[in-house]
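K.L.:
Could you have a look at this structure, given as structure tokens, before my questions?
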Number of protein chains: 2
Amino acid sequence: MYPRGHPTLRDVANEAGVSPAIASRVLNEDPKVRVRDDTRERIRSVATALGYVPHSVARSLRGARSGAIGLVMHGLDSPINVDVLAGAQSRCTRAGYVTLLAEAEELAENDSQLRAFVARGRLDGVILHSGYGQEDRLVEAISSSVPAVLMNADDEQQVPTVRIDDAAAGTVATEHLLGLGHDTITFVAGPQRSQTSDRRQSGYQEALERAGLDRHVDVVHGGWWPEDGAAATREILQRERMPTALVVVNAVTASGVLSTLRDASVRVPEEISVVTIHDSWFVEHLAVALSAVRLPLHQLGSAAAELLIEAIDGRTSKNDVFITEPAPELVLRRSTGPPPSLLG
Amino acid sequence: MYPRGHPTLRDVANEAGVSPAIASRVLNEDPKVRVRDDTRERIRSVATALGYVPHSVARSLRGARSGAIGLVMHGLDSPINVDVLAGAQSRCTRAGYVTLLAEAEELAENDSQLRAFVARGRLDGVILHSGYGQEDRLVEAISSSVPAVLMNADDEQQVPTVRIDDAAAGTVATEHLLGLGHDTITFVAGPQRSQTSDRRQSGYQEALERAGLDRHVDVVHGGWWPEDGAAATREILQRERMPTALVVVNAVTASGVLSTLRDASVRVPEEISVVTIHDSWFVEHLAVALSAVRLPLHQLGSAAAELLIEAIDGRTSKNDVFITEPAPELVLRRSTGPPPSLLG
DNA sequence: ACCTCGTGAACAATCGATTTTTCATGACAC
DNA sequence: GTGTCATGAAAAATCGATTGTTCACGAGGT
């Protein structure tokens, strides 16, 4: 039923009594071809009558365009990353591309998967989710065979990159706490090698420095997952002097922080304030409704798609994009308040 | 740099002083061709020296296989659905297919997107995430042009379907509450037209009937999102006689239920117990760590991929698959306990 | 010497659409 | 009546790989 008897352009042409050449031009509305109106009409009606659908593979073989963009993503189990994916995916789709999805880790580990993915002719370009470190080989392998754009990668890259203002997010979060009167604020960071985490941390440090509190910079390394937040929190809980507030690198990490604090019966925000970066659907449903800095993740994805599509079309290809609008903004909920000392 | 000067099979053949035919056979390790060892060696080394990569489009034009599978998904903003996606994606990838991702809603609304997606030759098959109702036309359009498998669809379908035991999940959740002594248990359902929700609800009803409580069946319709759970909860809170326990159709919905109860200062589980279906990473970090019934979502995806791949290969194609292993299982956390009446 | 056979590899068709080139027809001018 | 031009459409090349068929050559048998 499926592939059998699918009419080809030749079938349409024969049925309409014309050559495939003329049928192709009519159906593609080639402006520089002269056809009689009745012929044009005949071809069109035969095409619809037969249910003709162009063969995309044949078309891209001739045309050197596949109409497909590859999306190489990290950790889709995190809603944060899914937001980015959605932004990229919908932008590509609106531009008429179909999107191929792949997992960065799998591609990096499995050479035959990688080869199948970037096989010649399959993709017009690739959007590569970066910022998880240690992926130079993958970036190299992909960008050497197909136009590529990176999302959220390290600073020095051969490949065009789109970034969001992670440092500003760190600053906004920290300044919110400073404004409430906190002066011992710990940054719960991501993995040691993450530049995304580093950038947020530098925003945190900058805010402290501006407040004259550079001596109070305090960083605990965690990771991107709830368990990482939980581990970091347990470490903090064991200290003699606990900070009065936490800036957590990521909302998923923060979910582990909050539930660990709850399990330890530490009241938020009365005993400790928590603010995080990324405002996702779940943050207001966590152990405590979580104050968070909103970052334009969806835009990160769509801007990357935009940049790639421009590059594919050969239009002005700025090399990098830094998304500053909308600026990171705090969404205030229940997890932040004045430090205990000010509560009387 | 990219497409320019990519060596073709002909380039390899010329360089090695053989015909493209023999080069193709050697590189693909065709067993029924006889070549001298030195020729074979020469072709191989020329291929690697030139960095030859087969042109996937040319290959699939000739071979009538694209090596690509389409994944049409609903609501990727829900982690629940992402789990399903991940299962399908990784199974396809391991079988050597690349995966094309599309949004069911967009495809249903936008005809040109749909046509681009199922364009002849692009896909060897499609996995279609169903169970959101009202998608007959999409299923029809897709399955008429390419082999397809449905995930979690309604019962009467023309297309092979993979299902999980939603009814059993409803039963397990309900029996857990019954076992704790509850007898007024409300089911917070999904949208009116969702068969997935209906199946879970029927499991709930069946459990009540077996307990002789058929008169206590009570269903409030909500939806798949936190706001839906919140709205349903507000409705329940306004009643004169509140139930002592809730079975919530979905963990995302339940997150809205729990935070609404928290905001209304209703203690969980002391005043009301809540159990949900779907055990995702976030449920233990919600307002109250949520008891949940684990369903094999990842397997739903991978089984669908499996079924589709078998169909593509023309191997035994069972028409439907019903996943019963592992059976739905309760993961006990803090949101369920005895009803107030038994607490003394 | 002639025919047969096996070996190793070239030739050529094919997949379906696009695109450049070529061609047939009729109208018109001379 | 012959040459020129515009019109409308057919022919044929092309994209790159795969695959069924054909072919050249040398060894071996008789």
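Convention: chains lettered A, B, ... in structure tokens order; per-chain residue numbering from 1; ligands numbered from 1 as shown.
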Identify, on the basis of only C-alpha atoms (C1' of nucleotides), every residue whose closest approach to stretch 4-13 of chain D does not exceed 8 Å; exclude the query and any residue fewer than 2 positions from it along the same chain; express the result as a list in words.

P.N.:
Val18, Ser19, Ile22, Arg34, Val35 and Arg36 of chain A; DT22 and DC23 of chain C

K.L.:
Which parts of stretch 167-251 of chain B does DSSP call helix (DSSP H, G or I) when run on the backbone here, written out as JSON, numbers by chain?

P.N.:
{"B": [167, 168, 169, 170, 171, 172, 173, 174, 175, 176, 177, 178, 179, 180, 195, 196, 197, 198, 199, 200, 201, 202, 203, 204, 205, 206, 207, 208, 209, 210, 214, 215, 216, 226, 227, 228, 229, 230, 231, 232, 233, 234, 235, 236, 237, 251]}

K.L.:
Using only C-alpha atoms (C1' of nucleotides) and a distance of at most 10 Å, pull out the residues of chain C that contact chain A, as a PyMOL selection string.

P.N.:
chain C and resi 15-19

K.L.:
Residues of stretch 179-222 of chain A classed as strand (DSSP E) by DSSP on the backbone are to be reported as a PyMOL selection string.

P.N.:
chain A and resi 185-189+218-221

K.L.:
Let's have the selection written as a tab-separated table (two decimals), in the first residue's frame, with N, CA and C atoms.

P.N.:
```tsv
chain	number	residue	atom	x	y	z
A	185	ILE	N	26.23	34.74	51.34
A	185	ILE	CA	25.49	34.09	50.26
A	185	ILE	C	26.40	33.06	49.59
A	186	THR	N	25.94	31.82	49.54
A	186	THR	CA	26.74	30.76	48.90
A	186	THR	C	26.20	30.48	47.50
A	187	PHE	N	27.12	30.26	46.61
A	187	PHE	CA	26.71	29.89	45.25
A	187	PHE	C	26.81	28.38	45.10
A	188	VAL	N	25.69	27.76	44.81
A	188	VAL	CA	25.69	26.32	44.54
A	188	VAL	C	25.88	26.15	43.04
A	189	ALA	N	27.06	25.71	42.68
A	189	ALA	CA	27.48	25.71	41.28
A	189	ALA	C	27.15	24.40	40.59
A	218	ASP	N	31.63	32.43	48.25
A	218	ASP	CA	31.65	31.05	48.75
A	218	ASP	C	30.94	30.16	47.73
A	219	VAL	N	31.68	29.22	47.18
A	219	VAL	CA	31.13	28.39	46.11
A	219	VAL	C	31.19	26.91	46.50
A	220	VAL	N	30.06	26.23	46.35
A	220	VAL	CA	30.03	24.78	46.54
A	220	VAL	C	29.68	24.17	45.18
A	221	HIS	N	30.51	23.25	44.74
A	221	HIS	CA	30.22	22.66	43.44
A	221	HIS	C	29.22	21.52	43.54
```

K.L.:
Report as a PyMOL selection string the set of chain D residues whose atoms approach chain B to within 10 Å, with distances computed over only C-alpha atoms (C1' of nucleotides).

P.N.:
chain D and resi 15-19

K.L.:
Write the residues you've just listed into a file as a PDB file, in the first residue's frame, and include N, CA and C atoms (P, O5', C5', C4', C3', O3' and C1' of nucleotides) for each of them.

P.N.:
```
ATOM      1  P    DC D  15      26.797  16.235 -12.109  1.00  0.00           P
ATOM      2  O5'  DC D  15      26.120  15.975 -10.696  1.00  0.00           O
ATOM      3  C5'  DC D  15      25.289  16.958 -10.074  1.00  0.00           C
ATOM      4  C4'  DC D  15      24.457  16.276  -9.018  1.00  0.00           C
ATOM      5  C3'  DC D  15      25.154  15.073  -8.386  1.00  0.00           C
ATOM      6  O3'  DC D  15      25.781  15.480  -7.177  1.00  0.00           O
ATOM      7  C1'  DC D  15      22.842  14.626  -8.902  1.00  0.00           C
ATOM      8  P    DG D  16      27.309  14.977  -6.949  1.00  0.00           P
ATOM      9  O5'  DG D  16      27.128  13.476  -6.457  1.00  0.00           O
ATOM     10  C5'  DG D  16      26.583  13.239  -5.179  1.00  0.00           C
ATOM     11  C4'  DG D  16      26.311  11.768  -5.027  1.00  0.00           C
ATOM     12  C3'  DG D  16      27.532  10.864  -5.199  1.00  0.00           C
ATOM     13  O3'  DG D  16      27.667  10.127  -4.003  1.00  0.00           O
ATOM     14  C1'  DG D  16      25.708  10.037  -6.439  1.00  0.00           C
ATOM     15  P    DA D  17      28.779   9.082  -3.782  1.00  0.00           P
ATOM     16  O5'  DA D  17      27.960   7.725  -3.859  1.00  0.00           O
ATOM     17  C5'  DA D  17      26.958   7.522  -2.875  1.00  0.00           C
ATOM     18  C4'  DA D  17      25.975   6.473  -3.348  1.00  0.00           C
ATOM     19  C3'  DA D  17      26.519   5.038  -3.369  1.00  0.00           C
ATOM     20  O3'  DA D  17      25.761   4.283  -2.459  1.00  0.00           O
ATOM     21  C1'  DA D  17      25.307   5.579  -5.359  1.00  0.00           C
ATOM     22  P    DT D  18      26.141   2.806  -2.124  1.00  0.00           P
ATOM     23  O5'  DT D  18      25.222   1.979  -3.142  1.00  0.00           O
ATOM     24  C5'  DT D  18      23.822   2.092  -3.010  1.00  0.00           C
ATOM     25  C4'  DT D  18      23.137   1.256  -4.066  1.00  0.00           C
ATOM     26  C3'  DT D  18      23.524  -0.226  -4.096  1.00  0.00           C
ATOM     27  O3'  DT D  18      22.301  -0.938  -4.198  1.00  0.00           O
ATOM     28  C1'  DT D  18      23.706   0.701  -6.249  1.00  0.00           C
ATOM     29  P    DT D  19      22.254  -2.508  -3.838  1.00  0.00           P
ATOM     30  O5'  DT D  19      22.125  -3.206  -5.256  1.00  0.00           O
ATOM     31  C5'  DT D  19      21.196  -2.693  -6.201  1.00  0.00           C
ATOM     32  C4'  DT D  19      21.357  -3.386  -7.531  1.00  0.00           C
ATOM     33  C3'  DT D  19      21.952  -4.804  -7.467  1.00  0.00           C
ATOM     34  O3'  DT D  19      21.308  -5.572  -8.486  1.00  0.00           O
ATOM     35  C1'  DT D  19      23.254  -3.500  -8.883  1.00  0.00           C
TER      36       DT D  19
END
```

K.L.:
When you count only C-alpha atoms, which of these residues is closest to A:Gly222: A:Thr253, A:Thr324, A:Gln113, A:Thr93?

P.N.:
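For A:Gly222, the nearest of the given residues is A:Thr253.
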
K.L.:
Give me, as a PyMOL selection string, the residues of chain A touching chain B, with the criterion being at most 8 Å (counting only C-alpha atoms).

P.N.:
chain A and resi 2-3+53-58+60-61+76-79+82-83+86+93-94+96-102+113+116-117+119-122+144-147+255-256+258-259+282+284-288

K.L.:
Please, could you write that set of residues out with C-alpha atoms as a compact mmCIF listing (two decimals), in the first residue's frame?

P.N.:
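Contents of part-v6.txt, freshly written:
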```txt
# COMPACT_ATOMS: atom_id res chain seq x y z
CA TYR A 2 2.57 2.55 1.08
CA PRO A 3 5.42 2.86 -1.35
CA VAL A 53 3.66 14.06 -3.81
CA PRO A 54 7.20 15.05 -4.77
CA HIS A 55 9.91 12.64 -3.77
CA SER A 56 11.96 14.61 -1.30
CA VAL A 57 15.03 12.44 -1.67
CA ALA A 58 15.19 12.75 -5.43
CA SER A 60 17.42 16.98 -2.64
CA LEU A 61 19.80 14.82 -4.63
CA LEU A 76 16.63 16.16 27.52
CA ASP A 77 15.57 14.81 30.88
CA SER A 78 16.00 18.37 32.09
CA PRO A 79 13.06 20.62 31.21
CA VAL A 82 13.78 20.91 26.47
CA ASP A 83 12.87 24.59 26.41
CA ALA A 86 11.54 23.64 21.58
CA THR A 93 9.92 24.10 11.38
CA ARG A 94 8.48 27.50 10.63
CA GLY A 96 10.19 24.90 6.34
CA TYR A 97 12.91 22.62 7.63
CA VAL A 98 12.37 19.29 9.25
CA THR A 99 14.49 18.59 12.31
CA LEU A 100 16.62 15.61 13.16
CA LEU A 101 17.13 15.03 16.85
CA ALA A 102 20.22 13.46 18.35
CA GLN A 113 25.72 7.06 14.86
CA ALA A 116 24.88 8.35 9.98
CA PHE A 117 23.83 11.69 11.37
CA ALA A 119 26.20 11.65 6.32
CA ARG A 120 26.60 13.79 3.27
CA GLY A 121 23.40 15.25 1.96
CA ARG A 122 21.26 14.51 4.96
CA SER A 144 33.79 20.08 9.57
CA SER A 145 31.15 18.29 7.58
CA VAL A 146 28.18 20.62 7.77
CA PRO A 147 27.44 24.25 8.71
CA SER A 255 14.71 21.31 43.47
CA GLY A 256 17.13 19.00 45.25
CA LEU A 258 14.83 22.69 48.56
CA SER A 259 13.70 19.20 49.32
CA PHE A 282 7.83 23.29 38.07
CA GLU A 284 6.46 27.19 41.78
CA HIS A 285 5.41 23.69 42.77
CA LEU A 286 8.58 22.72 44.61
CA ALA A 287 8.92 22.22 48.35
CA VAL A 288 8.79 25.99 48.52
```

K.L.:
Which residues are near C:DA12? Cut-off 10 Å, only C-alpha atoms (C1' of nucleotides), ignore same chain within fewer than 3 positions. Put them as a list in words.

P.N.:
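So, after excluding close chain neighbours, the residues are DG20, DT21 and DT22 of chain D.
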
K.L.:
When you look at stretch 23-29 of chain D with a cut-off of 9 Å (counting only C-alpha atoms (C1' of nucleotides)), what residues show up, excluding the ones that are within fewer than 6 positions of it in the same chain? I need them as a list in words.

P.N.:
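These residues fall inside the cut-off: DC3, DT4, DC5, DG6, DT7, DA9, DA10 and DC11 of chain C.
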
K.L.:
Mind checking which residues fall within 12 Å of C:DC30, counting only C-alpha atoms (C1' of nucleotides), ignoring those fewer than 6 positions away in the same chain, and posting them as a list in words?

P.N.:
DG1, DT2, DG3 and DT4 of chain D

K.L.:
I'd like the neighbourhood of B:Thr244 as a CSV table (one decimal) with C-alpha atoms, in the first residue's frame, where a residue qualifies if any of its atoms comes within 9 Å (using only C-alpha atoms (C1' of nucleotides)), though same-chain residues fewer than 5 positions away should be ignored.

P.N.:
```csv
chain,number,residue,atom,x,y,z
B,182,HIS,CA,-9.8,5.8,52.7
B,183,ASP,CA,-13.4,5.5,51.4
B,184,THR,CA,-14.0,8.9,49.8
B,185,ILE,CA,-11.5,9.1,47.0
B,186,THR,CA,-11.8,11.5,44.2
B,271,GLU,CA,-6.0,16.1,56.0
B,272,ILE,CA,-5.9,14.7,52.5
B,273,SER,CA,-3.9,12.1,50.8
B,274,VAL,CA,-2.7,12.4,47.2
B,338,PRO,CA,-4.4,7.1,56.8
B,339,PRO,CA,-7.6,9.2,56.5
B,340,PRO,CA,-8.2,11.8,59.3
```

K.L.:
Mind checking which residues fall within 10 Å of A:Ala211, counting only C-alpha atoms (C1' of nucleotides), ignoring those fewer than 3 positions away in the same chain, and posting them as a PyMOL selection string?

P.N.:
chain A and resi 175+178+183+205-208+214

K.L.:
Mind giving me the straight-line distance from atom CA of A:Ala251 to atom CA of A:Ile277 in Å, one decimal?

P.N.:
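Between atom CA of A:Ala251 and atom CA of A:Ile277 the gap is 5.9 Å.
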
K.L.:
Rounded to one decimal, what separation in Å do you get between atom CA of A:Ala141 and atom CA of B:Met73?

P.N.:
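We find that atom CA of A:Ala141 and atom CA of B:Met73 lie 29.2 Å from each other.
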